[in-house]
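Visitor: One structure coming up, written as structure tokens, with questions to follow.
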Amino acid sequence: LNQAETLLIETRGRVALITLNRPGALNALNRQAMQELAEATRHFDRDPNIGCIVITGSEKAFAAGADIKEMQHQSFMDVYLADWFSGWEELTRTRKPMIAAVSGYALGGGCELAMMCDIIYASETAKFGQPEIKLGVIPGMGGTQRLTLAIGKSKAMEMFLTGRVMDAAEAERSGLVAKVFPVDRLLEEALKTAETIAAMSMPATMMMKEAVNRSFEVCLAEGIRFERRAFHSIFATQDKAEGMSAFVEKRTPNFSNS
Ligand code: CO8
């Protein structure tokens, strides 16, 4: 993995921790950050020793959006020809579970990045919003789709059209966030959950993620058919035999990720 300038990257056991690190710009997501983040997740997705990825920012900002200074002078032709933001799709192709640990601002692209992850944990200071309307634009990294699916049309529409910010308590109530923690416990709790997930059978966590994500992409009948086939195929794993034997024998399973 190449050295990243916009990220801090470390591993803790079977968990990879990626910290957005552009403190001068409240972690605004420029093209370099997008490329480095995609490269890091691609790397860990392929690493059999990693079972879960945590993405976090600073205490003040998870990420304050796409980089406005980078976008300021771009024209339609510029962003169309460069297919601006399509690189983010790569991140959503990560097959291993990803947790976003959000403290402070998660605005615009920052909120959209958090929503590309599978679980969002927030600190009490977290602030979510899609303020693009105030810049005279709309979200460009999946926000109109993912926020609407996460919190429902009326609430999402109100947020998009006013550009207002939602605090952590409201975000948890609305289902955007799984859990809220005090600032000083956020990362530790995210890492603990990541460790729990990374200790599960890797093929099972990957198939779980794939099946759940289907619910956003296809109709219910098709999603259920997909889930049933995935369920059938997981019976081919050794981890299925081990997990079920361990239960019957009243012992802890020893998963081999095979
Ligand atoms: N991009 C670039 N720089 C930023 C950004 C950003 N999104 N956010 C903050 N910064 C910079 C500031 O310019 C400032 O830099 P400098 O010190 O050089 O002036 C530094 O970070 C610190 O920011 P502030 O001084 O503003 O800090 P405050 O604590 O006063 O305010 C806020 C914090 C409220 C978060 C404020 O910075 C803010 O409102 N930021 C912008 C939030 C925003 O609008 N985000 C959405 C961006 S648009 C987007 O994400 C998707 C657009 C999709 C368009 C599709 C096109 C294809």
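We name chains A, B, ... following the order of the structure tokens; residues begin at 1 in each chain, and ligands are numbered from 1 as shown.
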Find the residues of chain A that sit at most 9 Å from ligand 1; for each, write down the nearest two atoms and how far apart they are in Å, to one decimal. Count only C-alpha atoms and all ligand atoms. Sort by chain, then by number going up, and give it as CSV.
Guide:
```
residue,atom,partner,partner_atom_place_in_ligand_line,distance
A:Arg22,CA,ligand 1,21 (O),8.9
A:Pro23,CA,ligand 1,21 (O),7.7
A:Gly24,CA,ligand 1,20 (C),5.6
A:Ala25,CA,ligand 1,21 (O),3.4
A:Leu26,CA,ligand 1,21 (O),4.8
A:Asn27,CA,ligand 1,5 (C),7.5
A:Ala28,CA,ligand 1,6 (C),4.8
A:Leu29,CA,ligand 1,1 (N),7.2
A:Asn30,CA,ligand 1,1 (N),8.0
A:Lys60,CA,ligand 1,29 (O),8.2
A:Ala61,CA,ligand 1,35 (C),7.6
A:Ala63,CA,ligand 1,7 (N),7.7
A:Ala64,CA,ligand 1,8 (N),4.7
A:Gly65,CA,ligand 1,50 (O),3.6
A:Ala66,CA,ligand 1,50 (O),3.7
A:Asp67,CA,ligand 1,1 (N),3.4
A:Ile68,CA,ligand 1,1 (N),3.9
A:Lys69,CA,ligand 1,2 (C),5.1
A:Glu70,CA,ligand 1,2 (C),7.2
A:Met71,CA,ligand 1,56 (C),7.0
A:Gln74,CA,ligand 1,57 (C),8.7
A:Phe76,CA,ligand 1,57 (C),8.1
A:Val79,CA,ligand 1,57 (C),6.0
A:Tyr80,CA,ligand 1,57 (C),8.1
A:Asp83,CA,ligand 1,57 (C),8.5
A:Trp84,CA,ligand 1,57 (C),5.9
A:Phe85,CA,ligand 1,57 (C),6.9
A:Gly104,CA,ligand 1,35 (C),8.7
A:Tyr105,CA,ligand 1,35 (C),5.9
A:Ala106,CA,ligand 1,35 (C),8.2
A:Leu107,CA,ligand 1,45 (N),5.0
A:Gly108,CA,ligand 1,50 (O),3.5
A:Gly109,CA,ligand 1,50 (O),3.7
A:Gly110,CA,ligand 1,50 (O),6.6
A:Cys111,CA,ligand 1,50 (O),8.1
A:Glu112,CA,ligand 1,50 (O),8.0
A:Gly129,CA,ligand 1,45 (N),8.2
A:Gln130,CA,ligand 1,46 (C),6.5
A:Pro131,CA,ligand 1,44 (O),5.1
A:Glu132,CA,ligand 1,48 (S),5.0
A:Ile133,CA,ligand 1,44 (O),8.5
A:Lys134,CA,ligand 1,44 (O),7.1
A:Leu135,CA,ligand 1,44 (O),6.7
A:Gly136,CA,ligand 1,54 (C),8.9
A:Val137,CA,ligand 1,54 (C),5.7
A:Ile138,CA,ligand 1,53 (C),5.6
A:Pro139,CA,ligand 1,53 (C),4.2
A:Gly140,CA,ligand 1,53 (C),4.2
A:Met141,CA,ligand 1,53 (C),6.8
A:Gly143,CA,ligand 1,51 (C),8.7
A:Gly163,CA,ligand 1,44 (O),8.7
```
Visitor: Write out as a list of chain:residue names each polymer residue whose atoms come within 9 Å of Gly87 (chain A), counting only C-alpha atoms; drop sequence neighbours fewer than 3 positions from it.
Guide: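 With the cut-off at 9 Å, the set is A:Arg31, A:Met34, A:Gln35, A:Ala38, A:Asp83, A:Trp84, A:Glu90, A:Leu91.
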Visitor: Would you put the residues from that selection into a file with C-alpha atoms, as a PDB file, in the first residue's frame?
Guide:
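New file again_1.pdb:
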```pdb
ATOM      1  CA  ARG A  31      -9.775  13.989  -5.569  1.00  0.00           C
ATOM      2  CA  MET A  34     -11.000   9.920  -2.886  1.00  0.00           C
ATOM      3  CA  GLN A  35      -8.235   8.098  -4.744  1.00  0.00           C
ATOM      4  CA  ALA A  38     -10.395   3.880  -2.662  1.00  0.00           C
ATOM      5  CA  ASP A  83     -17.053  11.748 -14.651  1.00  0.00           C
ATOM      6  CA  TRP A  84     -16.458  13.613 -11.406  1.00  0.00           C
ATOM      7  CA  GLU A  90     -15.196   1.903  -6.029  1.00  0.00           C
ATOM      8  CA  LEU A  91     -15.497   2.414  -2.288  1.00  0.00           C
TER       9      LEU A  91
END
```
Visitor: Compare A:Ile120, A:Leu37, A:Val165, A:Ile50 by their minimum atom-to-atom distance to Ala199 (chain A), counting only C-alpha atoms, and give me the closest one.
Guide: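 Among the listed residues, the smallest separation from Ala199 (chain A) belongs to A:Ile50.
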Visitor: Pull the alpha helix (DSSP H) assignments for region 68-120 of chain A out of DSSP run on the backbone, and list those residues as a PyMOL selection string.
Guide: chain A and resi 68-71+76-81+88-92+109-116
Visitor: What's the 10 Å shell around region 233-242 of chain A, counting only C-alpha atoms, without same-chain residues fewer than 6 positions away, as a list in words?
Guide: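 Listed by chain and then number, they are Met200, Ser201, Met202, Pro203, Ala204, Met207, Glu227, Val248, Thr252, Pro253, Asn254, Phe255, Ser256, Asn257 and Ser258 of chain A.
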Visitor: When you count only C-alpha atoms, which of these residues is closest to Asp45 (chain A): A:Met98, A:Met244, A:Ala126, A:Ala4?
Guide: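 Counting only C-alpha atoms, the residue closest to Asp45 (chain A) is A:Met98.
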Visitor: For a quick check of understanding, using only C-alpha atoms, which of A:His43, A:Lys179, A:Arg93, A:Arg146 has the smallest distance to Phe216 (chain A)?
Guide: A:Arg146
Visitor: Record the distance separating CA of Glu217 (chain A) and CA of Arg95 (chain A), expressed in Å with one decimal.
Guide: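 For CA of Glu217 (chain A) relative to CA of Arg95 (chain A), the distance reads 15.6 Å.
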Visitor: Among the residues of region 80-250 of chain A, find those DSSP assigns to strand (DSSP E or B) from the backbone and print them as a PyMOL selection string.
Guide: chain A and resi 98-102+105-107+119-123+127-129+165-167+179-181
Visitor: For the residues selected in the previous step, produce a file with C-alpha atoms as an mmCIF file, in the first residue's frame.
Guide:
```cif
data_model
loop_
_atom_site.group_PDB
_atom_site.id
_atom_site.type_symbol
_atom_site.label_atom_id
_atom_site.label_comp_id
_atom_site.auth_asym_id
_atom_site.auth_seq_id
_atom_site.Cartn_x
_atom_site.Cartn_y
_atom_site.Cartn_z
ATOM 1 C CA MET A 98 -17.080 -0.905 6.922
ATOM 2 C CA ILE A 99 -17.936 1.185 9.975
ATOM 3 C CA ALA A 100 -17.959 5.000 9.915
ATOM 4 C CA ALA A 101 -17.066 6.548 13.281
ATOM 5 C CA VAL A 102 -18.364 10.116 13.000
ATOM 6 C CA TYR A 105 -19.236 17.656 10.944
ATOM 7 C CA ALA A 106 -20.402 15.060 8.417
ATOM 8 C CA LEU A 107 -21.716 17.404 5.755
ATOM 9 C CA ILE A 119 -22.744 0.977 10.028
ATOM 10 C CA ILE A 120 -22.534 4.562 11.318
ATOM 11 C CA TYR A 121 -21.502 5.190 14.935
ATOM 12 C CA ALA A 122 -21.615 8.831 16.040
ATOM 13 C CA SER A 123 -20.303 10.859 18.914
ATOM 14 C CA LYS A 127 -23.670 16.873 12.915
ATOM 15 C CA PHE A 128 -25.095 15.401 9.720
ATOM 16 C CA GLY A 129 -26.380 17.402 6.796
ATOM 17 C CA VAL A 165 -28.016 20.059 10.079
ATOM 18 C CA MET A 166 -29.193 17.079 12.156
ATOM 19 C CA ASP A 167 -27.595 16.363 15.531
ATOM 20 C CA LYS A 179 -25.444 4.171 18.156
ATOM 21 C CA VAL A 180 -24.246 7.389 19.816
ATOM 22 C CA PHE A 181 -21.333 7.590 22.272
#
```
Visitor: Between A:Gly142, A:Arg46, A:Glu158, A:Ile151, which one has atoms that come closest to Leu176 (chain A), using only C-alpha atoms?
Guide: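 Of all the options, A:Ile151 lies closest to Leu176 (chain A).
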Visitor: Calculated over only C-alpha atoms, which of the candidates A:Pro97, A:Glu195, A:Leu17, A:Thr125 has the smallest distance to Val212 (chain A)?
Guide: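 Closest to Val212 (chain A) of all the choices is A:Pro97.
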Visitor: Could you list, as an MDAnalysis selection string, every residue within 12 Å of Lys192 (chain A), counting only C-alpha atoms and ignoring same-chain residues fewer than 4 positions away?
Guide: chainID A and resid 12:15 17 52:54 99 101 121 185:188 196:199
Visitor: Please dump the current selection as a PDB file, in the first residue's frame; keep N, CA and C atoms.
Guide:
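Below you can see selection_3.pdb, which holds the result:
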```pdb
ATOM      1  N   ARG A  12      -5.142  -2.844  13.434  1.00  0.00           N
ATOM      2  CA  ARG A  12      -5.155  -3.330  14.821  1.00  0.00           C
ATOM      3  C   ARG A  12      -5.747  -4.720  14.792  1.00  0.00           C
ATOM      4  N   GLY A  13      -4.875  -5.722  14.842  1.00  0.00           N
ATOM      5  CA  GLY A  13      -5.338  -7.099  14.705  1.00  0.00           C
ATOM      6  C   GLY A  13      -5.984  -7.271  13.340  1.00  0.00           C
ATOM      7  N   ARG A  14      -7.226  -7.743  13.330  1.00  0.00           N
ATOM      8  CA  ARG A  14      -7.919  -7.989  12.054  1.00  0.00           C
ATOM      9  C   ARG A  14      -8.748  -6.784  11.593  1.00  0.00           C
ATOM     10  N   VAL A  15      -8.519  -5.632  12.238  1.00  0.00           N
ATOM     11  CA  VAL A  15      -9.269  -4.424  11.887  1.00  0.00           C
ATOM     12  C   VAL A  15      -8.339  -3.398  11.240  1.00  0.00           C
ATOM     13  N   LEU A  17      -7.869   0.562  10.336  1.00  0.00           N
ATOM     14  CA  LEU A  17      -8.387   1.865  10.747  1.00  0.00           C
ATOM     15  C   LEU A  17      -7.857   2.924   9.787  1.00  0.00           C
ATOM     16  N   CYS A  52     -12.585  -6.301   8.922  1.00  0.00           N
ATOM     17  CA  CYS A  52     -13.492  -5.159   9.016  1.00  0.00           C
ATOM     18  C   CYS A  52     -12.677  -3.862   8.910  1.00  0.00           C
ATOM     19  N   ILE A  53     -13.278  -2.833   8.313  1.00  0.00           N
ATOM     20  CA  ILE A  53     -12.597  -1.553   8.104  1.00  0.00           C
ATOM     21  C   ILE A  53     -13.354  -0.452   8.850  1.00  0.00           C
ATOM     22  N   VAL A  54     -12.621   0.358   9.601  1.00  0.00           N
ATOM     23  CA  VAL A  54     -13.226   1.512  10.281  1.00  0.00           C
ATOM     24  C   VAL A  54     -12.713   2.780   9.608  1.00  0.00           C
ATOM     25  N   ILE A  99     -17.253   0.383   8.955  1.00  0.00           N
ATOM     26  CA  ILE A  99     -17.936   1.185   9.975  1.00  0.00           C
ATOM     27  C   ILE A  99     -17.431   2.617   9.862  1.00  0.00           C
ATOM     28  N   ALA A 101     -17.019   6.001  11.919  1.00  0.00           N
ATOM     29  CA  ALA A 101     -17.066   6.548  13.281  1.00  0.00           C
ATOM     30  C   ALA A 101     -17.030   8.067  13.133  1.00  0.00           C
ATOM     31  N   TYR A 121     -21.521   4.850  13.509  1.00  0.00           N
ATOM     32  CA  TYR A 121     -21.502   5.190  14.935  1.00  0.00           C
ATOM     33  C   TYR A 121     -21.187   6.675  14.999  1.00  0.00           C
ATOM     34  N   ARG A 185     -15.282   8.085  23.730  1.00  0.00           N
ATOM     35  CA  ARG A 185     -15.445   6.628  23.638  1.00  0.00           C
ATOM     36  C   ARG A 185     -15.760   6.151  22.228  1.00  0.00           C
ATOM     37  N   LEU A 186     -15.998   7.102  21.307  1.00  0.00           N
ATOM     38  CA  LEU A 186     -16.475   6.749  19.967  1.00  0.00           C
ATOM     39  C   LEU A 186     -15.559   5.751  19.251  1.00  0.00           C
ATOM     40  N   LEU A 187     -14.294   6.097  19.150  1.00  0.00           N
ATOM     41  CA  LEU A 187     -13.395   5.264  18.356  1.00  0.00           C
ATOM     42  C   LEU A 187     -13.205   3.882  18.988  1.00  0.00           C
ATOM     43  N   GLU A 188     -13.066   3.906  20.303  1.00  0.00           N
ATOM     44  CA  GLU A 188     -12.875   2.645  21.021  1.00  0.00           C
ATOM     45  C   GLU A 188     -14.080   1.712  20.802  1.00  0.00           C
ATOM     46  N   THR A 196     -15.357  -7.449  16.858  1.00  0.00           N
ATOM     47  CA  THR A 196     -16.384  -8.486  16.971  1.00  0.00           C
ATOM     48  C   THR A 196     -16.728  -9.018  15.581  1.00  0.00           C
ATOM     49  N   ILE A 197     -16.928  -8.095  14.634  1.00  0.00           N
ATOM     50  CA  ILE A 197     -17.295  -8.488  13.269  1.00  0.00           C
ATOM     51  C   ILE A 197     -16.141  -9.256  12.620  1.00  0.00           C
ATOM     52  N   ALA A 198     -14.910  -8.771  12.844  1.00  0.00           N
ATOM     53  CA  ALA A 198     -13.741  -9.398  12.210  1.00  0.00           C
ATOM     54  C   ALA A 198     -13.483 -10.803  12.755  1.00  0.00           C
ATOM     55  N   ALA A 199     -14.048 -11.111  13.921  1.00  0.00           N
ATOM     56  CA  ALA A 199     -13.854 -12.452  14.487  1.00  0.00           C
ATOM     57  C   ALA A 199     -14.892 -13.442  13.964  1.00  0.00           C
TER      58      ALA A 199
END
```
